[in-house]
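Step one of this worksheet: look at the structure below.
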Amino acid sequence: MQQPDYRPMNKSELARALEVEPKGRAAMRKALTKLEEEGQVSPGKKSRYALVARRDDQLRGSIKFTPKGHAWFFADMGDPDNVASGLDLEDFSRVYVPRRDTADALDGDRVLVTLEKRRPRPGDFRRNRDRRDEQEDEYRARVERVLDRRSGKVVGVFRKSGRFETVEADDLAVQGAVQVQGDHTARPGQMVVVSIDQWDGEKPSGRIIEVLGWPDDAGVDILAIIHKNGLRTTFPDEVLNAARGVPDEVDPAEAKRREDWRDRLVITIDPADAKDHDDAIWCERTKNGWKLAVHIADVSHYVKPRTPLDQEAIERGNSTYLVDRVIPMLPVELSNGICSLKPDVDRLTKCCVLDINSDGSIARSRFCDAVIHSQAKLSYEQAQAILDGGGAPEGSRKDLAPMVREAWQMASVLRKRRFASGALDLEMPETRIRLGEDGKPVAIDPVEHSESHQLIEECMLIANESVARLLKGRNKPAIYRIHEDPDFSRLVEYGETAQAFGYDFGDLTNKKHIQQLLDAARGRPDEHAIKVGLLKSLKRAAYHHDPLGHYGLSKADYCHFTSPIRRYADLIVHRALQPLLVNPPAKPDKTPRHAELAEIARHISDTERASADAENESKKIKLLEYLDACTRADEPVVFEGLITEVRAMGLMVEATHIGTRGVVMREDLPGGGWRFEESQARFSGPGGKQFQLGERVELEVARIDFDRRFVDFRIAGAAGEGGGRPETRRTRAAKKTGGRSGGRSDGREKDARQGSSKKRSGGSSGRSSGKSRSRRRKR
């Protein structure tokens with residue numbers, strides 16, 4: 001159709017022109033239908049197909065709804081049609097979509113939009129502080145059609161009134177109820193999953209495909225999140241059969257072909273409950289610095305391109321770690337079996353061997369296929385005990401503790417060099433929600449990011465960078481991890497936030513000045529607000545077929561290499577690396593072409609976002625359940641808080657140790673007679689009392705709105721009193737809890753601040769089934 005002499009043809013004419021055999025015509029018709037749905041071709045007169053003329057005001061990308069019902073459109077930077085539009089995609093990386101213009105799109109769908117200039121109205125002024133930059137005020141997007149559904153399903157409560165059956169959808173994209181068609185077994189009041197089949201104006205209709213149970217049943221809330229985000233919870237039989245067909249021991253002939261590291265002190269350091277050990281390290285001191293070997297599970301040896309295992313892995317894109325379960329990318333027979341670098345058994349690896357100078361620079365690097373026999377499985381706590389001066393676990397090799405300490409000496413140099421080179425120090429506290437046998441939250445535990453975590457983090461970062469540099473230097477098609485520079489307008493807005501807290505700063509387009517601001521805030525009550533403000537101004541890290549660099553890490557070359565068990569991007573990188581090894585396999589795996597890599601990068605960026613949304617929502621729900629229980633506790637539970645904004649309606653606050661934002665309504669302030677002083681960003685009361693922006697306060701939970709996911713706090717001791725503050729007992733959970741618990745869901749925070757592949761624990765269950773998990777943190 002792109003040929004200059006092409007004339008429109010119908011399906012039969014196209015089949016003859018393309019010499020399609022009869023048995024292949026069904027596939028051709030299916031391909032035509034897909035192209036038509038994507039808006040690339042259209043049937044004209046007499047159903048003759050032709051290319052749709054490209055418009056320079058239309059873009060393809062994904063849509064994300066907000067709690068208020070409007071949405072944001074995120075343009076796909078790698079889409080060929082977007083690139084061909086001639087638009088500066090940087091200027092349209094995020095565009096506002098009014099609720100009335102979202103058409104029949106659902107959250108996370110891939111859509112085609114038309115860009116429109118916003119028409120100013122008389123008396124119009126900016127009220128929404130989340131939409132300040134000029135481009136977002138000037139342009140809007142209107143959804144023309146849905147190109148690809150993320151799931152096409154919504155979750156809600158089944159209702160019945162006479163003959164009319166509807167589902168009250170728990171979805172920001174759906175206004176009103178979904179009309180139910182067909183037979184089902186649901187009972188009024190039960191949570192159900194609806195597959196939307198038709199969308200007549202603003203009235204969607206569909207079939208109930210699954211009954212989840214009653215809203216208060218254990219686990220129903222998490223099942224709703226799984227379905228809403230289109231996550232795959234079971235593996236097809238052909239995938240399971242393929243996984244079970246993989247031998248559970250290393251092939252001796254394959255081991256002989258590889259570099260033999262089985263007699264070296266190769267060890268793993270992971271969370272205590274980890275089962276999928278995808279990385280191991282070895283380190284020794286040299287005359288000029290150190291030699292480091294980073295061994296990564298060789299998943300590419302067992303999962304071959306275009307096999308059922310590979311197709312399922314690419315569909316999932318990554319593993320998903322919910323608060324009470326893990327949804328793996330690969331069947332457990334692989335992820336917890338032959339691919340996991342368990343101790344005392346032979347395992348195949350891809351190995352990155354680095355000669356590191358005493359200043360942290362890389363002198364030499366080489367990459368090989370290897371076989372290891374892990375000598376020790378250390379938890380982070382055990383490794384930290386060694387770094388704190390203790391000994392190795394009983395029965396360990398005598399050279400284990402010295403090697404761990406030497407590895408930390410190397411890692412600390414790498415870490416210092418990384419920050420000196422412009423990497424941003426945005427480390428945020430984290431929490432893990434502990435569940436009881438009934439699935440209810442019983443505690444919020446801090447997750448410490450100690451020196452043992454940093455040791456592994458630095459090893460993974462330097463390995464990822466070294467692999468990316470090799471692939472880029474050899475011009476080898478692969479998938480890279482990118483984090484683009486932030487928009488200037490967002491940095492200006494961030495500067496206004498910092499200024500409101502009383503900070504002086506220089507040029508925020510210079511990362512050194514940003515780090516100076518972060519350093520100035522360290523240890524102050526408003527440190528958390530300053531970091532969160534910066535995270536909001538940063539773009540989301542993503543996957544891309546071109547090496548565009550990583551802003552947060554300050555690296556020109558970066559990819560994901562270290563977690564192929566749980567990320568498909570790493571598996572692609574392993575395949576791309578095969579022909580560049582010092583001992584390549586006889587038949588290296590083929591890697592996709594550039595255009596296909598662009599599509600894969602887009603897809604796995606979308607699946608990563610879906611997983612992040614589900615993970616954050618599962619944590620948020622359990623956190624709200626925990627806070628709701630706090631309102632019924634015999635003694636008040638007090639949380640340390642920070643006033644992040646002062647408005648006429650009350651104080652915007654954040655319970656910093658659990659990363660939860662909420663509001664103290666004006667009427668909930670203790671006593672009375674409070675005056676709102678906008679110019680001073682404070683409330684003033686009788687006797688010189690005041691609540692000021694940036695002030696530390698003690699908070700109690702007043703109310704929970706589960707429908708809107710809002711938390712109302714009150715000043716500790718203010719319940720039922722007229723200004724005095726009775727004594728309250730600060731519980732251990734409130735005082736010791738550290739970190740964020742899924743308060744943000746846009747994904748930028750993790751990628752801007754977290755280590756390359758640093759495993760971290762999610763929530764854990766007290767159940768004996770061992771559903772606590774761990775993972776490497778995303779960069």
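Labeling convention for the structure tokens: chains A, B, ... as they appear, residues from 1 per chain, ligands from 1 in order of appearance.
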
| request: Check the DSSP output for the backbone and give back, as a list in words, the residues of segment 213-331 of chain A in strand (DSSP E). | output: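 Checking each residue of segment 213-331 of chain A, the strand (DSSP E) ones are Gly213, Glu259, Asp260, Ile267, Thr268, Ile269, Asp270, Asp279, Ala280, Ile281, Trp282, Cys283, Glu284, Arg285, Gly289, Trp290, Lys291, Leu292, Ala293, Val294, His295, Ile296, Ala297, Thr320, Tyr321, Val326 and Ile327 of chain A.
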
Contacts of Leu517 of chain A within 10 Å, only C-alpha atoms, excl. fewer than 3 positions in-chain, as an mmCIF file with all heavy atoms, in the first residue's frame:
data_model
loop_
_atom_site.group_PDB
_atom_site.id
_atom_site.type_symbol
_atom_site.label_atom_id
_atom_site.label_comp_id
_atom_site.auth_asym_id
_atom_site.auth_seq_id
_atom_site.Cartn_x
_atom_site.Cartn_y
_atom_site.Cartn_z
ATOM 1 N N GLY A 495 11.223 24.478 41.834
ATOM 2 C CA GLY A 495 11.907 25.584 42.491
ATOM 3 C C GLY A 495 10.961 26.412 43.341
ATOM 4 O O GLY A 495 11.324 26.872 44.440
ATOM 5 N N ALA A 498 10.435 24.493 46.538
ATOM 6 C CA ALA A 498 11.580 24.631 47.442
ATOM 7 C C ALA A 498 11.637 26.022 48.056
ATOM 8 O O ALA A 498 11.968 26.193 49.243
ATOM 9 C CB ALA A 498 12.875 24.325 46.681
ATOM 10 N N TYR A 503 14.170 27.649 50.911
ATOM 11 C CA TYR A 503 15.482 27.255 50.392
ATOM 12 C C TYR A 503 15.923 28.200 49.276
ATOM 13 O O TYR A 503 15.120 28.641 48.458
ATOM 14 C CB TYR A 503 15.441 25.822 49.838
ATOM 15 C CG TYR A 503 15.351 24.768 50.912
ATOM 16 C CD1 TYR A 503 14.122 24.255 51.299
ATOM 17 C CD2 TYR A 503 16.503 24.300 51.542
ATOM 18 C CE1 TYR A 503 14.038 23.283 52.280
ATOM 19 C CE2 TYR A 503 16.431 23.329 52.526
ATOM 20 C CZ TYR A 503 15.196 22.832 52.896
ATOM 21 O OH TYR A 503 15.105 21.869 53.872
ATOM 22 N N ASP A 504 17.216 28.480 49.252
ATOM 23 C CA ASP A 504 17.830 29.171 48.121
ATOM 24 C C ASP A 504 18.453 28.120 47.215
ATOM 25 O O ASP A 504 18.994 27.115 47.678
ATOM 26 C CB ASP A 504 18.927 30.135 48.605
ATOM 27 C CG ASP A 504 18.344 31.288 49.406
ATOM 28 O OD1 ASP A 504 17.231 31.729 49.062
ATOM 29 O OD2 ASP A 504 18.994 31.726 50.375
ATOM 30 N N PHE A 505 18.374 28.330 45.934
ATOM 31 C CA PHE A 505 18.929 27.354 45.000
ATOM 32 C C PHE A 505 19.425 28.093 43.762
ATOM 33 O O PHE A 505 19.045 29.225 43.492
ATOM 34 C CB PHE A 505 17.883 26.303 44.614
ATOM 35 C CG PHE A 505 16.589 26.890 44.130
ATOM 36 C CD1 PHE A 505 16.422 27.216 42.808
ATOM 37 C CD2 PHE A 505 15.554 27.130 45.015
ATOM 38 C CE1 PHE A 505 15.235 27.763 42.357
ATOM 39 C CE2 PHE A 505 14.364 27.675 44.579
ATOM 40 C CZ PHE A 505 14.204 27.998 43.249
ATOM 41 N N GLY A 506 20.273 27.416 43.034
ATOM 42 C CA GLY A 506 20.829 28.030 41.828
ATOM 43 C C GLY A 506 20.062 27.598 40.600
ATOM 44 O O GLY A 506 18.836 27.661 40.552
ATOM 45 N N LEU A 508 18.488 24.955 38.529
ATOM 46 C CA LEU A 508 18.024 23.590 38.731
ATOM 47 C C LEU A 508 18.159 22.722 37.480
ATOM 48 O O LEU A 508 17.876 21.527 37.530
ATOM 49 C CB LEU A 508 16.573 23.588 39.210
ATOM 50 C CG LEU A 508 16.358 24.129 40.625
ATOM 51 C CD1 LEU A 508 14.906 24.002 41.035
ATOM 52 C CD2 LEU A 508 17.251 23.414 41.638
ATOM 53 N N LYS A 511 22.384 19.466 37.660
ATOM 54 C CA LYS A 511 22.113 18.457 38.679
ATOM 55 C C LYS A 511 22.921 18.673 39.961
ATOM 56 O O LYS A 511 22.492 18.270 41.042
ATOM 57 C CB LYS A 511 22.380 17.062 38.114
ATOM 58 C CG LYS A 511 21.229 16.547 37.276
ATOM 59 C CD LYS A 511 21.374 15.084 36.943
ATOM 60 C CE LYS A 511 22.497 14.839 35.971
ATOM 61 N NZ LYS A 511 22.583 13.427 35.553
ATOM 62 N N LYS A 512 24.077 19.327 39.840
ATOM 63 C CA LYS A 512 24.857 19.590 41.046
ATOM 64 C C LYS A 512 24.101 20.535 41.974
ATOM 65 O O LYS A 512 24.141 20.388 43.198
ATOM 66 C CB LYS A 512 26.215 20.184 40.666
ATOM 67 C CG LYS A 512 27.164 19.180 40.018
ATOM 68 C CD LYS A 512 28.534 19.780 39.779
ATOM 69 C CE LYS A 512 29.487 18.735 39.180
ATOM 70 N NZ LYS A 512 30.845 19.293 38.922
ATOM 71 N N HIS A 513 23.373 21.488 41.374
ATOM 72 C CA HIS A 513 22.597 22.409 42.195
ATOM 73 C C HIS A 513 21.400 21.692 42.813
ATOM 74 O O HIS A 513 21.005 22.012 43.948
ATOM 75 C CB HIS A 513 22.136 23.598 41.354
ATOM 76 C CG HIS A 513 23.256 24.505 40.951
ATOM 77 N ND1 HIS A 513 23.059 25.685 40.267
ATOM 78 C CD2 HIS A 513 24.603 24.413 41.133
ATOM 79 C CE1 HIS A 513 24.222 26.274 40.046
ATOM 80 N NE2 HIS A 513 25.171 25.505 40.554
ATOM 81 N N ILE A 514 20.825 20.746 42.069
ATOM 82 C CA ILE A 514 19.730 19.952 42.638
ATOM 83 C C ILE A 514 20.235 19.150 43.830
ATOM 84 O O ILE A 514 19.593 19.100 44.889
ATOM 85 C CB ILE A 514 19.129 19.022 41.573
ATOM 86 C CG1 ILE A 514 18.417 19.830 40.485
ATOM 87 C CG2 ILE A 514 18.153 18.038 42.215
ATOM 88 C CD1 ILE A 514 17.820 18.986 39.378
ATOM 89 N N ALA A 520 21.055 20.216 51.430
ATOM 90 C CA ALA A 520 20.641 21.241 52.390
ATOM 91 C C ALA A 520 19.409 20.796 53.177
ATOM 92 O O ALA A 520 19.230 21.196 54.336
ATOM 93 C CB ALA A 520 20.354 22.556 51.662
ATOM 94 N N ALA A 521 18.555 19.979 52.549
ATOM 95 C CA ALA A 521 17.331 19.528 53.220
ATOM 96 C C ALA A 521 17.559 18.316 54.108
ATOM 97 O O ALA A 521 16.691 17.994 54.928
ATOM 98 C CB ALA A 521 16.264 19.200 52.171
ATOM 99 N N ARG A 522 18.704 17.646 53.958
ATOM 100 C CA ARG A 522 18.940 16.412 54.691
ATOM 101 C C ARG A 522 18.882 16.643 56.198
ATOM 102 O O ARG A 522 19.535 17.537 56.730
ATOM 103 C CB ARG A 522 20.281 15.808 54.303
ATOM 104 C CG ARG A 522 20.553 14.452 54.953
ATOM 105 C CD ARG A 522 21.794 13.784 54.397
ATOM 106 N NE ARG A 522 21.574 13.315 53.031
ATOM 107 C CZ ARG A 522 22.211 13.778 51.978
ATOM 108 N NH1 ARG A 522 23.111 14.733 52.118
ATOM 109 N NH2 ARG A 522 21.957 13.310 50.785
ATOM 110 N N GLU A 527 12.642 17.572 54.699
ATOM 111 C CA GLU A 527 13.431 16.794 53.740
ATOM 112 C C GLU A 527 12.538 15.930 52.864
ATOM 113 O O GLU A 527 12.723 15.844 51.644
ATOM 114 C CB GLU A 527 14.433 15.906 54.484
ATOM 115 C CG GLU A 527 15.247 15.006 53.546
ATOM 116 C CD GLU A 527 16.159 14.051 54.287
ATOM 117 O OE1 GLU A 527 16.078 13.983 55.536
ATOM 118 O OE2 GLU A 527 16.946 13.358 53.618
ATOM 119 N N ILE A 530 10.758 17.950 50.181
ATOM 120 C CA ILE A 530 11.678 18.417 49.140
ATOM 121 C C ILE A 530 11.988 17.275 48.167
ATOM 122 O O ILE A 530 12.008 17.468 46.944
ATOM 123 C CB ILE A 530 12.969 18.960 49.775
ATOM 124 C CG1 ILE A 530 12.677 20.260 50.524
ATOM 125 C CG2 ILE A 530 14.044 19.183 48.720
ATOM 126 C CD1 ILE A 530 12.183 21.390 49.645
ATOM 127 N N LYS A 531 12.194 16.076 48.674
ATOM 128 C CA LYS A 531 12.475 14.942 47.798
ATOM 129 C C LYS A 531 11.257 14.581 46.953
ATOM 130 O O LYS A 531 11.363 14.329 45.747
ATOM 131 C CB LYS A 531 12.920 13.737 48.627
ATOM 132 C CG LYS A 531 14.348 13.836 49.143
ATOM 133 C CD LYS A 531 14.777 12.552 49.816
ATOM 134 C CE LYS A 531 16.248 12.594 50.209
ATOM 135 N NZ LYS A 531 16.694 11.338 50.848
#

| message | Could you list, as a list in words, every residue within 8 Å of segment 375-385 of chain A, counting only C-alpha atoms and ignoring same-chain residues fewer than 2 positions away? | response | Arg264, Leu265, Val266, Ile267, Thr268, Ile269, Asp270, Pro271, Ala272, Lys342, Pro343, Asp344, His373, Leu387, Asp388, Gly389, Gly390, Gly391, Ala392, Pro393, Ser396, Val404, Ser450, Glu451, Ser452 and His453 of chain A

Selected residues written out, N, CA and C atoms, as a PDB file, in the first residue's frame:
ATOM      1  N   ARG A 264      35.438 -21.029  42.966  1.00  0.00           N
ATOM      2  CA  ARG A 264      35.595 -19.664  43.487  1.00  0.00           C
ATOM      3  C   ARG A 264      34.518 -19.391  44.548  1.00  0.00           C
ATOM      4  N   LEU A 265      34.788 -18.384  45.373  1.00  0.00           N
ATOM      5  CA  LEU A 265      33.871 -18.003  46.446  1.00  0.00           C
ATOM      6  C   LEU A 265      32.782 -17.074  45.880  1.00  0.00           C
ATOM      7  N   VAL A 266      31.933 -17.642  45.051  1.00  0.00           N
ATOM      8  CA  VAL A 266      30.800 -16.906  44.487  1.00  0.00           C
ATOM      9  C   VAL A 266      29.634 -17.034  45.463  1.00  0.00           C
ATOM     10  N   ILE A 267      29.022 -15.902  45.820  1.00  0.00           N
ATOM     11  CA  ILE A 267      27.983 -15.910  46.853  1.00  0.00           C
ATOM     12  C   ILE A 267      26.779 -15.076  46.402  1.00  0.00           C
ATOM     13  N   THR A 268      25.626 -15.326  47.032  1.00  0.00           N
ATOM     14  CA  THR A 268      24.444 -14.497  46.841  1.00  0.00           C
ATOM     15  C   THR A 268      24.146 -13.748  48.129  1.00  0.00           C
ATOM     16  N   ILE A 269      23.624 -12.530  47.988  1.00  0.00           N
ATOM     17  CA  ILE A 269      23.154 -11.731  49.126  1.00  0.00           C
ATOM     18  C   ILE A 269      21.758 -11.228  48.761  1.00  0.00           C
ATOM     19  N   ASP A 270      20.767 -11.693  49.480  1.00  0.00           N
ATOM     20  CA  ASP A 270      19.369 -11.430  49.149  1.00  0.00           C
ATOM     21  C   ASP A 270      18.553 -11.284  50.434  1.00  0.00           C
ATOM     22  N   PRO A 271      17.269 -10.870  50.297  1.00  0.00           N
ATOM     23  CA  PRO A 271      16.379 -10.939  51.457  1.00  0.00           C
ATOM     24  C   PRO A 271      16.317 -12.359  51.993  1.00  0.00           C
ATOM     25  N   ALA A 272      16.073 -12.490  53.279  1.00  0.00           N
ATOM     26  CA  ALA A 272      16.118 -13.807  53.914  1.00  0.00           C
ATOM     27  C   ALA A 272      15.112 -14.779  53.316  1.00  0.00           C
ATOM     28  N   LYS A 342      20.922 -21.020  43.503  1.00  0.00           N
ATOM     29  CA  LYS A 342      20.891 -21.567  44.857  1.00  0.00           C
ATOM     30  C   LYS A 342      22.287 -22.021  45.286  1.00  0.00           C
ATOM     31  N   PRO A 343      22.529 -22.113  46.582  1.00  0.00           N
ATOM     32  CA  PRO A 343      23.844 -22.590  47.033  1.00  0.00           C
ATOM     33  C   PRO A 343      23.993 -24.095  46.864  1.00  0.00           C
ATOM     34  N   ASP A 344      25.229 -24.514  46.687  1.00  0.00           N
ATOM     35  CA  ASP A 344      25.611 -25.935  46.702  1.00  0.00           C
ATOM     36  C   ASP A 344      25.088 -26.735  45.510  1.00  0.00           C
ATOM     37  N   HIS A 373      29.003 -22.650  41.346  1.00  0.00           N
ATOM     38  CA  HIS A 373      28.493 -23.494  42.422  1.00  0.00           C
ATOM     39  C   HIS A 373      28.505 -22.606  43.656  1.00  0.00           C
ATOM     40  N   LEU A 387      29.697  -6.771  57.966  1.00  0.00           N
ATOM     41  CA  LEU A 387      30.217  -5.412  57.769  1.00  0.00           C
ATOM     42  C   LEU A 387      30.309  -4.641  59.084  1.00  0.00           C
ATOM     43  N   ASP A 388      29.464  -5.021  60.039  1.00  0.00           N
ATOM     44  CA  ASP A 388      29.503  -4.353  61.345  1.00  0.00           C
ATOM     45  C   ASP A 388      30.576  -4.922  62.259  1.00  0.00           C
ATOM     46  N   GLY A 389      31.359  -5.873  61.744  1.00  0.00           N
ATOM     47  CA  GLY A 389      32.460  -6.418  62.526  1.00  0.00           C
ATOM     48  C   GLY A 389      32.244  -7.817  63.034  1.00  0.00           C
ATOM     49  N   GLY A 390      31.077  -8.397  62.754  1.00  0.00           N
ATOM     50  CA  GLY A 390      30.807  -9.749  63.209  1.00  0.00           C
ATOM     51  C   GLY A 390      31.391 -10.786  62.277  1.00  0.00           C
ATOM     52  N   GLY A 391      31.102 -12.044  62.582  1.00  0.00           N
ATOM     53  CA  GLY A 391      31.619 -13.133  61.768  1.00  0.00           C
ATOM     54  C   GLY A 391      30.590 -13.647  60.788  1.00  0.00           C
ATOM     55  N   ALA A 392      31.028 -14.558  59.937  1.00  0.00           N
ATOM     56  CA  ALA A 392      30.139 -15.188  58.974  1.00  0.00           C
ATOM     57  C   ALA A 392      29.300 -16.243  59.676  1.00  0.00           C
ATOM     58  N   PRO A 393      28.188 -16.662  59.078  1.00  0.00           N
ATOM     59  CA  PRO A 393      27.374 -17.720  59.683  1.00  0.00           C
ATOM     60  C   PRO A 393      28.189 -18.980  59.954  1.00  0.00           C
ATOM     61  N   SER A 396      30.542 -21.494  57.508  1.00  0.00           N
ATOM     62  CA  SER A 396      30.952 -20.815  56.281  1.00  0.00           C
ATOM     63  C   SER A 396      32.452 -20.943  56.066  1.00  0.00           C
ATOM     64  N   VAL A 404      33.449 -10.297  51.845  1.00  0.00           N
ATOM     65  CA  VAL A 404      32.299  -9.394  51.947  1.00  0.00           C
ATOM     66  C   VAL A 404      32.773  -7.990  52.335  1.00  0.00           C
ATOM     67  N   SER A 450      20.520  -0.727  54.148  1.00  0.00           N
ATOM     68  CA  SER A 450      21.802  -0.700  54.849  1.00  0.00           C
ATOM     69  C   SER A 450      22.975  -0.810  53.879  1.00  0.00           C
ATOM     70  N   GLU A 451      24.177  -0.866  54.437  1.00  0.00           N
ATOM     71  CA  GLU A 451      25.378  -0.979  53.606  1.00  0.00           C
ATOM     72  C   GLU A 451      25.385  -2.270  52.800  1.00  0.00           C
ATOM     73  N   SER A 452      24.809  -3.333  53.345  1.00  0.00           N
ATOM     74  CA  SER A 452      24.779  -4.604  52.601  1.00  0.00           C
ATOM     75  C   SER A 452      23.898  -4.466  51.362  1.00  0.00           C
ATOM     76  N   HIS A 453      22.792  -3.705  51.473  1.00  0.00           N
ATOM     77  CA  HIS A 453      21.963  -3.434  50.296  1.00  0.00           C
ATOM     78  C   HIS A 453      22.744  -2.602  49.273  1.00  0.00           C
TER      79      HIS A 453
END

For the contact check between segment 210-329 of chain A and segment 108-120 of chain A, emit one row per residue of segment 210-329 of chain A within 10 Å, containing the shortest atom pair and the distance in Å rounded to one decimal, counting only C-alpha atoms, chain then rising number order, as a Markdown table.
| residue | atom | partner | partner_atom | distance |
| --- | --- | --- | --- | --- |
| A:Lys228 | CA | A:Gly108 | CA | 9.9 |
| A:Asn229 | CA | A:Gly108 | CA | 8.0 |
| A:Gly230 | CA | A:Gly108 | CA | 9.5 |

Generate the output file for the selected residues, all heavy atoms, as a CSV table (one decimal), in the first residue's frame.
chain,number,residue,atom,x,y,z
A,228,LYS,N,-8.5,-5.8,37.4
A,228,LYS,CA,-8.5,-4.4,36.9
A,228,LYS,C,-7.3,-4.0,36.1
A,228,LYS,O,-7.4,-3.3,35.1
A,228,LYS,CB,-8.8,-3.4,38.0
A,228,LYS,CG,-9.0,-2.0,37.6
A,228,LYS,CD,-9.5,-1.1,38.7
A,228,LYS,CE,-8.5,-0.9,39.8
A,228,LYS,NZ,-8.9,0.0,40.8
A,229,ASN,N,-6.2,-4.5,36.5
A,229,ASN,CA,-4.9,-4.2,35.8
A,229,ASN,C,-4.5,-5.2,34.7
A,229,ASN,O,-3.4,-5.1,34.1
A,229,ASN,CB,-3.8,-4.0,36.8
A,229,ASN,CG,-3.9,-2.8,37.7
A,229,ASN,OD1,-3.6,-1.7,37.2
A,229,ASN,ND2,-4.5,-2.9,38.9
A,230,GLY,N,-5.4,-6.1,34.4
A,230,GLY,CA,-5.2,-7.1,33.4
A,230,GLY,C,-4.0,-8.0,33.6
A,230,GLY,O,-3.3,-8.4,32.6

| message | I need the alpha helix (DSSP H) residues of segment 212-256 of chain A per DSSP on the backbone, written as JSON, numbers by chain. | response | {"A": [220, 221, 222, 223, 224, 225, 226, 227, 228, 237, 238, 239, 240, 241, 242, 243, 244, 252, 253, 254, 255, 256]}

| field | Lys256 of chain A environment, 10 Å, only C-alpha atoms, sequence neighbours closer than 4 positions dropped, as a list in words | value | Asp251, Pro252, Asp260, Ala370 and Val371 of chain A

Restricted to all heavy atoms, what would the selected residues look like written as a PDB file, in the first residue's frame?
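The file below, selection-v7.pdb, is the result:
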ATOM      1  N   ASP A 251      23.444 -29.475  32.322  1.00  0.00           N
ATOM      2  CA  ASP A 251      24.000 -30.420  31.355  1.00  0.00           C
ATOM      3  C   ASP A 251      25.529 -30.402  31.449  1.00  0.00           C
ATOM      4  O   ASP A 251      26.157 -29.351  31.288  1.00  0.00           O
ATOM      5  CB  ASP A 251      23.560 -30.016  29.950  1.00  0.00           C
ATOM      6  CG  ASP A 251      24.107 -30.944  28.874  1.00  0.00           C
ATOM      7  OD1 ASP A 251      24.690 -31.980  29.217  1.00  0.00           O
ATOM      8  OD2 ASP A 251      23.950 -30.600  27.690  1.00  0.00           O
ATOM      9  N   PRO A 252      26.177 -31.542  31.743  1.00  0.00           N
ATOM     10  CA  PRO A 252      27.639 -31.571  31.878  1.00  0.00           C
ATOM     11  C   PRO A 252      28.366 -31.056  30.642  1.00  0.00           C
ATOM     12  O   PRO A 252      29.398 -30.388  30.748  1.00  0.00           O
ATOM     13  CB  PRO A 252      27.943 -33.047  32.139  1.00  0.00           C
ATOM     14  CG  PRO A 252      26.675 -33.594  32.707  1.00  0.00           C
ATOM     15  CD  PRO A 252      25.571 -32.849  32.044  1.00  0.00           C
ATOM     16  N   ASP A 260      34.736 -22.082  34.125  1.00  0.00           N
ATOM     17  CA  ASP A 260      34.381 -22.795  35.350  1.00  0.00           C
ATOM     18  C   ASP A 260      34.744 -21.952  36.578  1.00  0.00           C
ATOM     19  O   ASP A 260      35.915 -21.729  36.868  1.00  0.00           O
ATOM     20  CB  ASP A 260      35.104 -24.140  35.393  1.00  0.00           C
ATOM     21  CG  ASP A 260      34.523 -25.074  36.436  1.00  0.00           C
ATOM     22  OD1 ASP A 260      33.839 -24.576  37.361  1.00  0.00           O
ATOM     23  OD2 ASP A 260      34.734 -26.295  36.323  1.00  0.00           O
ATOM     24  N   ALA A 370      29.345 -18.744  31.963  1.00  0.00           N
ATOM     25  CA  ALA A 370      30.051 -19.376  33.078  1.00  0.00           C
ATOM     26  C   ALA A 370      29.160 -20.408  33.751  1.00  0.00           C
ATOM     27  O   ALA A 370      27.945 -20.474  33.527  1.00  0.00           O
ATOM     28  CB  ALA A 370      30.491 -18.327  34.092  1.00  0.00           C
ATOM     29  N   VAL A 371      29.780 -21.232  34.584  1.00  0.00           N
ATOM     30  CA  VAL A 371      29.071 -22.150  35.452  1.00  0.00           C
ATOM     31  C   VAL A 371      29.594 -21.914  36.860  1.00  0.00           C
ATOM     32  O   VAL A 371      30.802 -21.773  37.067  1.00  0.00           O
ATOM     33  CB  VAL A 371      29.254 -23.624  35.020  1.00  0.00           C
ATOM     34  CG1 VAL A 371      30.732 -24.012  34.974  1.00  0.00           C
ATOM     35  CG2 VAL A 371      28.476 -24.565  35.942  1.00  0.00           C
TER      36      VAL A 371
END

| message | Just want the 7 Å neighbourhood of segment 162-174 of chain A, counted on only C-alpha atoms, with same-chain residues fewer than 5 positions away dropped. Output as a list of chain:residue names. | response |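 Near segment 162-174 of chain A, the qualifying residues are A:Phe65, A:Pro67, A:Gly69, A:Ala105, A:Leu106, A:Asp107, A:Val154, A:Val155, A:Gly156, A:Val157, A:Gln179, A:Val180.
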
Give me the residues near Asp298 of chain A as an mmCIF file with C-alpha atoms, in the first residue's frame, where near means some atom within 8 Å (using only C-alpha atoms) and where sequence neighbours in that chain fewer than 5 positions away do not count.
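Output file result-v5.cif follows:
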data_model
loop_
_atom_site.group_PDB
_atom_site.id
_atom_site.type_symbol
_atom_site.label_atom_id
_atom_site.label_comp_id
_atom_site.auth_asym_id
_atom_site.auth_seq_id
_atom_site.Cartn_x
_atom_site.Cartn_y
_atom_site.Cartn_z
ATOM 1 C CA CYS A 339 17.452 -20.615 36.933
ATOM 2 C CA LEU A 348 24.654 -21.500 34.451
ATOM 3 C CA THR A 349 25.325 -17.766 34.371
ATOM 4 C CA LYS A 350 26.160 -14.812 32.186
ATOM 5 C CA PRO A 564 16.207 -11.884 33.684
ATOM 6 C CA HIS A 574 21.244 -11.451 27.477
#
